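A.B. asks: run.pdb (PDB, C-alpha atoms) pasted underneath:
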MODEL        1
ATOM      1  CA  ALA Q 225     162.537  27.951 120.104  1.00  0.00           C
ATOM      2  CA  TRP Q 226     164.759  28.461 123.150  1.00  0.00           C
ATOM      3  CA  ALA Q 227     162.427  26.393 125.332  1.00  0.00           C
ATOM      4  CA  CYS Q 228     162.874  23.543 122.844  1.00  0.00           C
ATOM      5  CA  VAL Q 229     166.650  23.951 122.987  1.00  0.00           C
ATOM      6  CA  ALA Q 230     166.610  23.886 126.796  1.00  0.00           C
ATOM      7  CA  LEU Q 231     164.408  20.776 126.832  1.00  0.00           C
ATOM      8  CA  LEU Q 232     166.679  19.046 124.330  1.00  0.00           C
ATOM      9  CA  VAL Q 233     169.657  19.736 126.586  1.00  0.00           C
ATOM     10  CA  VAL Q 234     167.753  18.353 129.603  1.00  0.00           C
ATOM     11  CA  LEU Q 235     166.780  15.286 127.576  1.00  0.00           C
ATOM     12  CA  GLY Q 236     170.351  14.758 126.425  1.00  0.00           C
ATOM     13  CA  LEU Q 237     171.800  15.006 129.930  1.00  0.00           C
ATOM     14  CA  SER Q 238     169.127  12.880 131.597  1.00  0.00           C
ATOM     15  CA  GLY Q 239     169.346  10.368 128.742  1.00  0.00           C
ATOM     16  CA  VAL Q 240     173.084   9.972 129.261  1.00  0.00           C
ATOM     17  CA  LEU Q 241     172.505   9.341 132.964  1.00  0.00           C
ATOM     18  CA  LEU Q 242     169.768   6.793 132.244  1.00  0.00           C
ATOM     19  CA  SER Q 243     171.891   5.018 129.638  1.00  0.00           C
ATOM     20  CA  ILE Q 244     174.477   4.199 132.297  1.00  0.00           C
ATOM     21  CA  TYR Q 245     172.044   1.693 133.823  1.00  0.00           C
ATOM     22  CA  TYR Q 246     169.950   0.643 130.819  1.00  0.00           C
ATOM     23  CA  LEU Q 247     170.547  -2.799 129.308  1.00  0.00           C
ATOM     24  CA  PRO Q 248     169.036  -3.213 125.806  1.00  0.00           C
ATOM     25  CA  ALA Q 249     168.439  -6.965 126.031  1.00  0.00           C
ATOM     26  CA  LEU Q 250     165.128  -8.834 125.964  1.00  0.00           C
ATOM     27  CA  ASP Q 251     165.599 -10.364 129.382  1.00  0.00           C
ATOM     28  CA  ALA Q 252     167.168  -7.278 131.012  1.00  0.00           C
ATOM     29  CA  ALA Q 253     165.545  -4.128 129.614  1.00  0.00           C
ATOM     30  CA  ALA Q 254     162.464  -4.050 131.840  1.00  0.00           C
ATOM     31  CA  GLU Q 255     164.466  -4.975 134.924  1.00  0.00           C
ATOM     32  CA  SER Q 256     167.067  -2.286 134.225  1.00  0.00           C
ATOM     33  CA  VAL Q 257     164.292   0.331 134.093  1.00  0.00           C
ATOM     34  CA  ARG Q 258     162.858  -0.998 137.366  1.00  0.00           C
ATOM     35  CA  PHE Q 259     166.367  -0.927 138.852  1.00  0.00           C
ATOM     36  CA  VAL Q 260     166.751   2.758 137.933  1.00  0.00           C
ATOM     37  CA  MET Q 261     163.367   3.578 139.409  1.00  0.00           C
ATOM     38  CA  ARG Q 262     163.816   1.545 142.591  1.00  0.00           C
ATOM     39  CA  ASP Q 263     167.508   1.228 143.465  1.00  0.00           C
ATOM     40  CA  VAL Q 264     169.516   4.016 141.806  1.00  0.00           C
ATOM     41  CA  GLU Q 265     169.757   7.077 144.004  1.00  0.00           C
ATOM     42  CA  TRP Q 266     167.601   9.776 142.406  1.00  0.00           C
ATOM     43  CA  GLY Q 267     166.996   7.438 139.451  1.00  0.00           C
ATOM     44  CA  TRP Q 268     163.225   7.898 139.705  1.00  0.00           C
ATOM     45  CA  LEU Q 269     163.734  11.667 139.464  1.00  0.00           C
ATOM     46  CA  VAL Q 270     166.069  11.472 136.465  1.00  0.00           C
ATOM     47  CA  ARG Q 271     163.653   9.190 134.611  1.00  0.00           C
ATOM     48  CA  GLY Q 272     160.723  11.410 135.560  1.00  0.00           C
ATOM     49  CA  VAL Q 273     162.546  14.513 134.341  1.00  0.00           C
ATOM     50  CA  HIS Q 274     163.376  12.692 131.113  1.00  0.00           C
ATOM     51  CA  ARG Q 275     159.754  11.697 130.512  1.00  0.00           C
ATOM     52  CA  TRP Q 276     158.323  15.117 131.419  1.00  0.00           C
ATOM     53  CA  ALA Q 277     160.917  16.915 129.301  1.00  0.00           C
ATOM     54  CA  SER Q 278     159.926  14.669 126.404  1.00  0.00           C
ATOM     55  CA  ALA Q 279     156.252  15.568 126.821  1.00  0.00           C
ATOM     56  CA  GLY Q 280     157.170  19.235 127.175  1.00  0.00           C
ATOM     57  CA  LEU Q 281     159.289  19.152 124.048  1.00  0.00           C
ATOM     58  CA  ILE Q 282     156.445  17.666 122.024  1.00  0.00           C
ATOM     59  CA  ALA Q 283     154.071  20.329 123.365  1.00  0.00           C
ATOM     60  CA  PHE Q 284     156.478  23.217 122.714  1.00  0.00           C
ATOM     61  CA  ALA Q 285     157.433  21.966 119.239  1.00  0.00           C
ATOM     62  CA  LEU Q 286     153.777  21.540 118.299  1.00  0.00           C
ATOM     63  CA  ALA Q 287     152.895  24.981 119.711  1.00  0.00           C
ATOM     64  CA  GLN Q 288     155.805  26.489 117.777  1.00  0.00           C
ATOM     65  CA  LEU Q 289     154.517  24.973 114.532  1.00  0.00           C
ATOM     66  CA  VAL Q 290     150.942  26.108 115.191  1.00  0.00           C
ATOM     67  CA  TRP Q 291     152.192  29.622 115.948  1.00  0.00           C
ATOM     68  CA  ALA Q 292     154.319  29.645 112.784  1.00  0.00           C
ATOM     69  CA  PHE Q 293     151.416  28.345 110.701  1.00  0.00           C
ATOM     70  CA  ALA Q 294     149.029  30.934 112.122  1.00  0.00           C
ATOM     71  CA  GLY Q 295     151.570  33.634 111.301  1.00  0.00           C
ATOM     72  CA  GLY Q 296     151.932  32.431 107.716  1.00  0.00           C
ATOM     73  CA  ARG Q 297     155.578  31.539 108.194  1.00  0.00           C
ATOM     74  CA  TYR Q 298     155.194  28.454 106.033  1.00  0.00           C
ATOM     75  CA  ARG Q 299     155.498  30.562 102.891  1.00  0.00           C
ATOM     76  CA  GLY Q 300     157.939  33.111 101.577  1.00  0.00           C
ATOM     77  CA  ALA Q 301     161.444  33.568 102.926  1.00  0.00           C
ATOM     78  CA  ARG Q 302     160.700  31.571 106.087  1.00  0.00           C
ATOM     79  CA  ALA Q 303     159.371  28.470 104.336  1.00  0.00           C
ATOM     80  CA  GLY Q 304     162.663  26.690 104.933  1.00  0.00           C
ATOM     81  CA  SER Q 305     162.287  27.257 108.654  1.00  0.00           C
ATOM     82  CA  TRP Q 306     158.774  25.813 108.498  1.00  0.00           C
ATOM     83  CA  VAL Q 307     160.004  22.660 106.761  1.00  0.00           C
ATOM     84  CA  LEU Q 308     162.795  22.250 109.321  1.00  0.00           C
ATOM     85  CA  GLY Q 309     160.253  22.671 112.124  1.00  0.00           C
ATOM     86  CA  VAL Q 310     157.974  20.001 110.694  1.00  0.00           C
ATOM     87  CA  LEU Q 311     160.919  17.612 110.265  1.00  0.00           C
ATOM     88  CA  MET Q 312     162.077  18.369 113.805  1.00  0.00           C
ATOM     89  CA  LEU Q 313     158.607  17.590 115.199  1.00  0.00           C
ATOM     90  CA  LEU Q 314     158.640  14.267 113.336  1.00  0.00           C
ATOM     91  CA  LEU Q 315     162.043  13.431 114.821  1.00  0.00           C
ATOM     92  CA  VAL Q 316     160.856  14.367 118.314  1.00  0.00           C
ATOM     93  CA  LEU Q 317     157.818  12.126 117.884  1.00  0.00           C
ATOM     94  CA  GLY Q 318     160.138   9.347 116.702  1.00  0.00           C
ATOM     95  CA  LEU Q 319     162.277   9.840 119.801  1.00  0.00           C
ATOM     96  CA  ALA Q 320     159.220   9.684 122.043  1.00  0.00           C
ATOM     97  CA  PHE Q 321     157.976   6.550 120.299  1.00  0.00           C
ATOM     98  CA  THR Q 322     161.297   4.709 120.466  1.00  0.00           C
ATOM     99  CA  GLY Q 323     161.696   5.780 124.094  1.00  0.00           C
ATOM    100  CA  GLU Q 324     158.364   4.188 124.950  1.00  0.00           C
ATOM    101  CA  LEU Q 325     159.640   0.892 123.527  1.00  0.00           C
ATOM    102  CA  LEU Q 326     162.821   0.761 125.603  1.00  0.00           C
ATOM    103  CA  PRO Q 327     161.333  -0.745 128.798  1.00  0.00           C
ATOM    104  CA  TRP Q 328     160.459  -3.732 126.562  1.00  0.00           C
ATOM    105  CA  ASP Q 329     157.637  -4.911 128.753  1.00  0.00           C
ATOM    106  CA  ALA Q 330     154.388  -6.461 127.475  1.00  0.00           C
ATOM    107  CA  GLU Q 331     152.952  -3.031 126.666  1.00  0.00           C
ATOM    108  CA  ALA Q 332     156.041  -1.959 124.700  1.00  0.00           C
ATOM    109  CA  VAL Q 333     156.049  -5.209 122.702  1.00  0.00           C
ATOM    110  CA  ALA Q 334     152.339  -4.747 121.876  1.00  0.00           C
ATOM    111  CA  VAL Q 335     152.982  -1.146 120.798  1.00  0.00           C
ATOM    112  CA  ALA Q 336     155.909  -2.260 118.627  1.00  0.00           C
ATOM    113  CA  ARG Q 337     153.803  -4.970 116.962  1.00  0.00           C
ATOM    114  CA  SER Q 338     150.934  -2.576 116.345  1.00  0.00           C
ATOM    115  CA  ALA Q 339     153.202   0.124 114.911  1.00  0.00           C
ATOM    116  CA  LEU Q 340     154.964  -2.362 112.667  1.00  0.00           C
ATOM    117  CA  ASP Q 341     151.640  -3.753 111.443  1.00  0.00           C
ATOM    118  CA  GLY Q 342     150.577  -0.202 110.603  1.00  0.00           C
ATOM    119  CA  THR Q 343     153.873   0.456 108.854  1.00  0.00           C
ATOM    120  CA  GLN Q 344     153.508  -2.791 106.910  1.00  0.00           C
ATOM    121  CA  ALA Q 345     150.145  -1.548 105.547  1.00  0.00           C
ATOM    122  CA  ILE Q 346     151.760   1.474 103.851  1.00  0.00           C
ATOM    123  CA  PRO Q 347     151.756   0.877 100.077  1.00  0.00           C
ATOM    124  CA  VAL Q 348     155.075   0.086  98.345  1.00  0.00           C
ATOM    125  CA  LEU Q 349     157.564   1.093 101.068  1.00  0.00           C
ATOM    126  CA  GLY Q 350     155.685  -0.268 104.082  1.00  0.00           C
ATOM    127  CA  ALA Q 351     156.781  -3.906 103.954  1.00  0.00           C
ATOM    128  CA  PRO Q 352     160.526  -3.249 103.508  1.00  0.00           C
ATOM    129  CA  LEU Q 353     160.448  -0.450 106.094  1.00  0.00           C
ATOM    130  CA  ALA Q 354     158.631  -2.633 108.655  1.00  0.00           C
ATOM    131  CA  SER Q 355     161.058  -5.483 108.000  1.00  0.00           C
ATOM    132  CA  ALA Q 356     164.038  -3.172 108.509  1.00  0.00           C
ATOM    133  CA  MET Q 357     162.560  -1.794 111.733  1.00  0.00           C
ATOM    134  CA  ARG Q 358     161.631  -5.261 112.978  1.00  0.00           C
ATOM    135  CA  GLY Q 359     165.034  -6.707 112.154  1.00  0.00           C
ATOM    136  CA  GLY Q 360     163.635 -10.011 110.958  1.00  0.00           C
ATOM    137  CA  GLN Q 361     160.392 -11.925 110.782  1.00  0.00           C
ATOM    138  CA  GLU Q 362     159.360 -11.483 114.421  1.00  0.00           C
ATOM    139  CA  VAL Q 363     159.422  -8.656 116.945  1.00  0.00           C
ATOM    140  CA  GLY Q 364     162.313  -9.500 119.235  1.00  0.00           C
ATOM    141  CA  ALA Q 365     165.902  -8.751 120.169  1.00  0.00           C
ATOM    142  CA  ALA Q 366     166.725  -7.093 116.844  1.00  0.00           C
ATOM    143  CA  THR Q 367     163.657  -4.848 117.154  1.00  0.00           C
ATOM    144  CA  LEU Q 368     164.741  -3.716 120.621  1.00  0.00           C
ATOM    145  CA  ALA Q 369     168.317  -3.172 119.431  1.00  0.00           C
ATOM    146  CA  ARG Q 370     167.088  -1.040 116.519  1.00  0.00           C
ATOM    147  CA  ALA Q 371     164.747   0.974 118.743  1.00  0.00           C
ATOM    148  CA  HIS Q 372     167.603   1.549 121.189  1.00  0.00           C
ATOM    149  CA  ALA Q 373     170.009   2.597 118.423  1.00  0.00           C
ATOM    150  CA  ALA Q 374     167.404   4.909 116.907  1.00  0.00           C
ATOM    151  CA  HIS Q 375     166.609   6.450 120.308  1.00  0.00           C
ATOM    152  CA  THR Q 376     170.172   6.942 121.496  1.00  0.00           C
ATOM    153  CA  LEU Q 377     172.176   7.466 118.310  1.00  0.00           C
ATOM    154  CA  VAL Q 378     170.365   8.179 115.064  1.00  0.00           C
ATOM    155  CA  LEU Q 379     167.410  10.360 116.057  1.00  0.00           C
ATOM    156  CA  PRO Q 380     169.240  12.546 118.618  1.00  0.00           C
ATOM    157  CA  TRP Q 381     172.009  13.379 116.151  1.00  0.00           C
ATOM    158  CA  LEU Q 382     169.504  14.164 113.409  1.00  0.00           C
ATOM    159  CA  THR Q 383     167.501  16.295 115.838  1.00  0.00           C
ATOM    160  CA  PHE Q 384     170.541  18.305 116.904  1.00  0.00           C
ATOM    161  CA  LEU Q 385     171.589  18.692 113.260  1.00  0.00           C
ATOM    162  CA  LEU Q 386     168.150  20.057 112.341  1.00  0.00           C
ATOM    163  CA  LEU Q 387     168.188  22.291 115.408  1.00  0.00           C
ATOM    164  CA  PHE Q 388     171.540  23.707 114.338  1.00  0.00           C
ATOM    165  CA  LEU Q 389     170.203  24.277 110.809  1.00  0.00           C
ATOM    166  CA  GLU Q 390     167.063  25.922 112.185  1.00  0.00           C
ATOM    167  CA  LEU Q 391     169.033  28.298 114.417  1.00  0.00           C
ATOM    168  CA  TRP Q 392     171.391  29.119 111.547  1.00  0.00           C
ATOM    169  CA  PHE Q 393     168.424  29.705 109.245  1.00  0.00           C
ATOM    170  CA  LEU Q 394     166.728  32.002 111.764  1.00  0.00           C
ATOM    171  CA  ALA Q 395     169.912  33.995 112.323  1.00  0.00           C
ATOM    172  CA  HIS Q 396     170.499  34.231 108.578  1.00  0.00           C
ATOM    173  CA  THR Q 397     166.961  35.437 107.781  1.00  0.00           C
ATOM    174  CA  ARG Q 398     167.099  37.992 110.617  1.00  0.00           C
ATOM    175  CA  ARG Q 399     170.402  39.326 109.288  1.00  0.00           C
ATOM    176  CA  LEU Q 400     168.939  39.602 105.795  1.00  0.00           C
ATOM    177  CA  ARG Q 401     165.902  41.495 107.110  1.00  0.00           C
ATOM    178  CA  ARG Q 402     168.147  43.987 108.964  1.00  0.00           C
ATOM    179  CA  GLU Q 403     170.275  44.574 105.865  1.00  0.00           C
ATOM    180  CA  ARG Q 404     167.321  45.426 103.602  1.00  0.00           C
ATOM    181  CA  PRO Q 405     166.771  49.157 103.066  1.00  0.00           C
TER     182      PRO Q 405
ENDMDL
END
Would you put the structure from the file into structure tokens?

C.D. replies:
Amino acid sequence: AWACVALLVVLGLSGVLLSIYYLPALDAAAESVRFVMRDVEWGWLVRGVHRWASAGLIAFALAQLVWAFAGGRYRGARAGSWVLGVLMLLLVLGLAFTGELLPWDAEAVAVARSALDGTQAIPVLGAPLASAMRGGQEVGAATLARAHAAHTLVLPWLTFLLLFLELWFLAHTRRLRRERP
């Protein structure tokens, strides 16, 4: 759990540094990423740290869930912690996905179209959800703006909220276990 916290802090700090130079516009997003990698002093390192911390966070969060599942922590008094862990992994995957869209190059646009087509195929909620994520009829400026907002505002705050709840839950269940005769 503490490795995940440390990686989230690294991601937050490196993300703030990257956001100084990132421009979420169709004609500027890819160039702003290239600018960070090529012209900003240590920019390549900050972006590399951000990407590797993201991969590490996914690995640690997944390992944490596998370990909890193997230990049967998905039932009983710790079931709430299990649910929070699963939700946190989903948020982390959402952060990784939206982060991959931010360069807004040909690959990112293809990934966005493919993901939205897949979302559209979900019965009942798929079409309205895909439309909301797309921001209109076509993948474009609104899609990039929504991916950027999700990556920098919505998902990080939800992740830190769930992390806080998870740490509170763990502390609370440990206290209860110590107080039992």

A.B. asks: Would you mind telling me which residue in Q:Leu317, Q:Leu231, Q:Ala332, Q:Met312 lies nearest to Leu387 in chain Q when using all atoms listed in the file?

C.D. replies: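 Among the listed residues, Q:Met312 lies closest to Leu387 in chain Q.
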
A.B. asks: Using all atoms listed in the file, what table do you get, as a tab-separated table, when you list each residue of range 321-376 of chain Q with an atom no more than 9 Å from range 241-259 of chain Q, its nearest pair of atoms, and their distance in Å rounded to one decimal, rows by chain then rising number?

C.D. replies:
residue	atom	partner	partner_atom	distance
Q:Leu326	CA	Q:Ala253	CA	6.9
Q:Pro327	CA	Q:Ala254	CA	4.6
Q:Trp328	CA	Q:Ala254	CA	5.7
Q:Asp329	CA	Q:Ala254	CA	5.8
Q:Gly364	CA	Q:Leu250	CA	7.3
Q:Ala365	CA	Q:Leu250	CA	5.8
Q:Leu368	CA	Q:Pro248	CA	6.8
Q:Ala369	CA	Q:Pro248	CA	6.4
Q:His372	CA	Q:Pro248	CA	6.8
Q:Thr376	CA	Q:Ser243	CA	8.5

A.B. asks: Go through the shown structure with the PyMOL selection byres ((chain Q and resi 393-400) around 10) and write out the matching residues as a list of chain:residue names.

C.D. replies: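 Evaluating the PyMOL selection byres ((chain Q and resi 393-400) around 10) on this file yields Q:Ala301, Q:Arg302, Q:Gly304, Q:Ser305, Q:Leu308, Q:Leu387, Q:Phe388, Q:Leu389, Q:Glu390, Q:Leu391, Q:Trp392, Q:Arg401, Q:Arg402, Q:Glu403, Q:Arg404.
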
A.B. asks: For the residues selected in the previous step, produce a file with C-alpha atoms as a tab-separated table (two decimals), in the coordinates of the input.

C.D. replies:
chain	number	residue	atom	x	y	z
Q	301	ALA	CA	161.44	33.57	102.93
Q	302	ARG	CA	160.70	31.57	106.09
Q	304	GLY	CA	162.66	26.69	104.93
Q	305	SER	CA	162.29	27.26	108.65
Q	308	LEU	CA	162.79	22.25	109.32
Q	387	LEU	CA	168.19	22.29	115.41
Q	388	PHE	CA	171.54	23.71	114.34
Q	389	LEU	CA	170.20	24.28	110.81
Q	390	GLU	CA	167.06	25.92	112.18
Q	391	LEU	CA	169.03	28.30	114.42
Q	392	TRP	CA	171.39	29.12	111.55
Q	401	ARG	CA	165.90	41.50	107.11
Q	402	ARG	CA	168.15	43.99	108.96
Q	403	GLU	CA	170.28	44.57	105.86
Q	404	ARG	CA	167.32	45.43	103.60

A.B. asks: Nearest residue to Leu315 in chain Q out of Q:Ser355, Q:Gln288, Q:Thr383, Q:Gln361, using only C-alpha atoms?

C.D. replies: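 Of Q:Ser355, Q:Gln288, Q:Thr383, Q:Gln361, the one nearest Leu315 in chain Q, counting only C-alpha atoms, is Q:Thr383.
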
A.B. asks: Which neighbours of range 289-296 of chain Q fall inside 12 Å, counting only C-alpha atoms, when residues of the same chain fewer than 6 positions from it are skipped, and could you give them as a list in words?

C.D. replies: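 In the requested form, the answer reads Ala225, Cys228, Ile282, Ala283, Arg302, Ala303, Gly304, Ser305, Trp306, Val307, Leu308, Gly309, Val310, Leu311, Met312, Leu313 and Leu314 of chain Q.
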
A.B. asks: Mind giving me the axis-aligned box for range 259-275 of chain Q with 5 Å on every side, centre plus edges in Å to one decimal, as JSON?

C.D. replies:
{"center_x": 164.8, "center_y": 6.8, "center_z": 137.3, "size_x": 20.0, "size_y": 25.4, "size_z": 23.5}

A.B. asks: Please determine, counting all atoms listed in the file, which residue among Q:Ala230, Q:Trp381, Q:Ser238, Q:Ala354 has the shortest atom-to-atom distance to Trp268 in chain Q.

C.D. replies: Q:Ser238

A.B. asks: With only C-alpha atoms counted, which protein, DNA or RNA residues have an atom no more than 12 Å from (163.8, 12.2, 133.6) in the file frame? Please answer as a PDB file with C-alpha atoms, keeping the file's coordinate frame.

C.D. replies:
ATOM      1  CA  LEU Q 231     164.408  20.776 126.832  1.00  0.00           C
ATOM      2  CA  LEU Q 232     166.679  19.046 124.330  1.00  0.00           C
ATOM      3  CA  VAL Q 233     169.657  19.736 126.586  1.00  0.00           C
ATOM      4  CA  VAL Q 234     167.753  18.353 129.603  1.00  0.00           C
ATOM      5  CA  LEU Q 235     166.780  15.286 127.576  1.00  0.00           C
ATOM      6  CA  GLY Q 236     170.351  14.758 126.425  1.00  0.00           C
ATOM      7  CA  LEU Q 237     171.800  15.006 129.930  1.00  0.00           C
ATOM      8  CA  SER Q 238     169.127  12.880 131.597  1.00  0.00           C
ATOM      9  CA  GLY Q 239     169.346  10.368 128.742  1.00  0.00           C
ATOM     10  CA  VAL Q 240     173.084   9.972 129.261  1.00  0.00           C
ATOM     11  CA  LEU Q 241     172.505   9.341 132.964  1.00  0.00           C
ATOM     12  CA  LEU Q 242     169.768   6.793 132.244  1.00  0.00           C
ATOM     13  CA  SER Q 243     171.891   5.018 129.638  1.00  0.00           C
ATOM     14  CA  VAL Q 257     164.292   0.331 134.093  1.00  0.00           C
ATOM     15  CA  VAL Q 260     166.751   2.758 137.933  1.00  0.00           C
ATOM     16  CA  MET Q 261     163.367   3.578 139.409  1.00  0.00           C
ATOM     17  CA  TRP Q 266     167.601   9.776 142.406  1.00  0.00           C
ATOM     18  CA  GLY Q 267     166.996   7.438 139.451  1.00  0.00           C
ATOM     19  CA  TRP Q 268     163.225   7.898 139.705  1.00  0.00           C
ATOM     20  CA  LEU Q 269     163.734  11.667 139.464  1.00  0.00           C
ATOM     21  CA  VAL Q 270     166.069  11.472 136.465  1.00  0.00           C
ATOM     22  CA  ARG Q 271     163.653   9.190 134.611  1.00  0.00           C
ATOM     23  CA  GLY Q 272     160.723  11.410 135.560  1.00  0.00           C
ATOM     24  CA  VAL Q 273     162.546  14.513 134.341  1.00  0.00           C
ATOM     25  CA  HIS Q 274     163.376  12.692 131.113  1.00  0.00           C
ATOM     26  CA  ARG Q 275     159.754  11.697 130.512  1.00  0.00           C
ATOM     27  CA  TRP Q 276     158.323  15.117 131.419  1.00  0.00           C
ATOM     28  CA  ALA Q 277     160.917  16.915 129.301  1.00  0.00           C
ATOM     29  CA  SER Q 278     159.926  14.669 126.404  1.00  0.00           C
ATOM     30  CA  ALA Q 279     156.252  15.568 126.821  1.00  0.00           C
ATOM     31  CA  GLY Q 280     157.170  19.235 127.175  1.00  0.00           C
ATOM     32  CA  GLY Q 323     161.696   5.780 124.094  1.00  0.00           C
TER      33      GLY Q 323
END

A.B. asks: Smallest atom-to-atom distance to Ala371 in chain Q: which of Q:Ala345, Q:Ala334, Q:Ala320, Q:Val264, using all atoms listed in the file?

C.D. replies: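 Answer, going by the shortest atom-to-atom distance: Q:Ala320.
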
A.B. asks: Using only C-alpha atoms, which of the listed residues (Q:Leu379, Q:Leu319, Q:Ala227, Q:Leu325) sits closest to Ala339 in chain Q?

C.D. replies: Q:Leu325

A.B. asks: CA of Leu340 in chain Q to CA of Arg370 in chain Q: how many Å, to one decimal?

C.D. replies: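 These atoms are spaced 12.8 Å apart.
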
A.B. asks: May I ask for the distance between CA of Glu324 in chain Q and CA of Leu349 in chain Q, given in Å to one decimal place?

C.D. replies: 24.1 Å

A.B. asks: Please measure the separation of CA of Gln344 in chain Q and CA of Pro380 in chain Q, giving the value in Å to one decimal.

C.D. replies: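 These two atoms are separated by 24.9 Å.
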
A.B. asks: Considering only C-alpha atoms, can you say which of Q:Ala330, Q:Val316, Q:Ala351, Q:Ala287 comes closest to Ala374 in chain Q?

C.D. replies: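 With only C-alpha atoms as the atom set, the closest residue is Q:Val316.
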
A.B. asks: Write range 228-234 of chain Q as an mmCIF file, keeping the file's coordinate frame, completed to all heavy atoms.

C.D. replies:
data_model
loop_
_atom_site.group_PDB
_atom_site.id
_atom_site.type_symbol
_atom_site.label_atom_id
_atom_site.label_comp_id
_atom_site.auth_asym_id
_atom_site.auth_seq_id
_atom_site.Cartn_x
_atom_site.Cartn_y
_atom_site.Cartn_z
ATOM 1 N N CYS Q 228 162.572 24.840 123.474
ATOM 2 C CA CYS Q 228 162.874 23.543 122.844
ATOM 3 C C CYS Q 228 164.354 23.202 122.997
ATOM 4 O O CYS Q 228 164.704 22.047 123.278
ATOM 5 C CB CYS Q 228 162.469 23.560 121.374
ATOM 6 S SG CYS Q 228 160.688 23.601 121.104
ATOM 7 N N VAL Q 229 165.212 24.187 122.831
ATOM 8 C CA VAL Q 229 166.650 23.951 122.987
ATOM 9 C C VAL Q 229 166.954 23.515 124.421
ATOM 10 O O VAL Q 229 167.684 22.548 124.650
ATOM 11 C CB VAL Q 229 167.456 25.217 122.614
ATOM 12 C CG1 VAL Q 229 168.924 25.056 122.966
ATOM 13 C CG2 VAL Q 229 167.300 25.541 121.139
ATOM 14 N N ALA Q 230 166.377 24.227 125.393
ATOM 15 C CA ALA Q 230 166.610 23.886 126.796
ATOM 16 C C ALA Q 230 166.113 22.474 127.104
ATOM 17 O O ALA Q 230 166.799 21.699 127.796
ATOM 18 C CB ALA Q 230 165.919 24.908 127.702
ATOM 19 N N LEU Q 231 164.940 22.122 126.585
ATOM 20 C CA LEU Q 231 164.408 20.776 126.832
ATOM 21 C C LEU Q 231 165.257 19.711 126.154
ATOM 22 O O LEU Q 231 165.444 18.621 126.711
ATOM 23 C CB LEU Q 231 162.954 20.695 126.374
ATOM 24 C CG LEU Q 231 161.965 21.442 127.275
ATOM 25 C CD1 LEU Q 231 160.601 21.544 126.612
ATOM 26 C CD2 LEU Q 231 161.869 20.777 128.637
ATOM 27 N N LEU Q 232 165.785 20.006 124.990
ATOM 28 C CA LEU Q 232 166.679 19.046 124.330
ATOM 29 C C LEU Q 232 167.952 18.819 125.141
ATOM 30 O O LEU Q 232 168.445 17.688 125.243
ATOM 31 C CB LEU Q 232 167.029 19.526 122.918
ATOM 32 C CG LEU Q 232 165.987 19.243 121.854
ATOM 33 C CD1 LEU Q 232 166.331 19.976 120.559
ATOM 34 C CD2 LEU Q 232 165.864 17.754 121.596
ATOM 35 N N VAL Q 233 168.471 19.877 125.741
ATOM 36 C CA VAL Q 233 169.657 19.736 126.586
ATOM 37 C C VAL Q 233 169.328 18.880 127.808
ATOM 38 O O VAL Q 233 170.080 17.971 128.173
ATOM 39 C CB VAL Q 233 170.216 21.119 126.990
ATOM 40 C CG1 VAL Q 233 171.270 20.996 128.078
ATOM 41 C CG2 VAL Q 233 170.781 21.834 125.772
ATOM 42 N N VAL Q 234 168.181 19.152 128.448
ATOM 43 C CA VAL Q 234 167.753 18.353 129.603
ATOM 44 C C VAL Q 234 167.584 16.898 129.196
ATOM 45 O O VAL Q 234 168.017 15.981 129.915
ATOM 46 C CB VAL Q 234 166.445 18.922 130.202
ATOM 47 C CG1 VAL Q 234 165.825 17.955 131.201
ATOM 48 C CG2 VAL Q 234 166.703 20.266 130.853
#
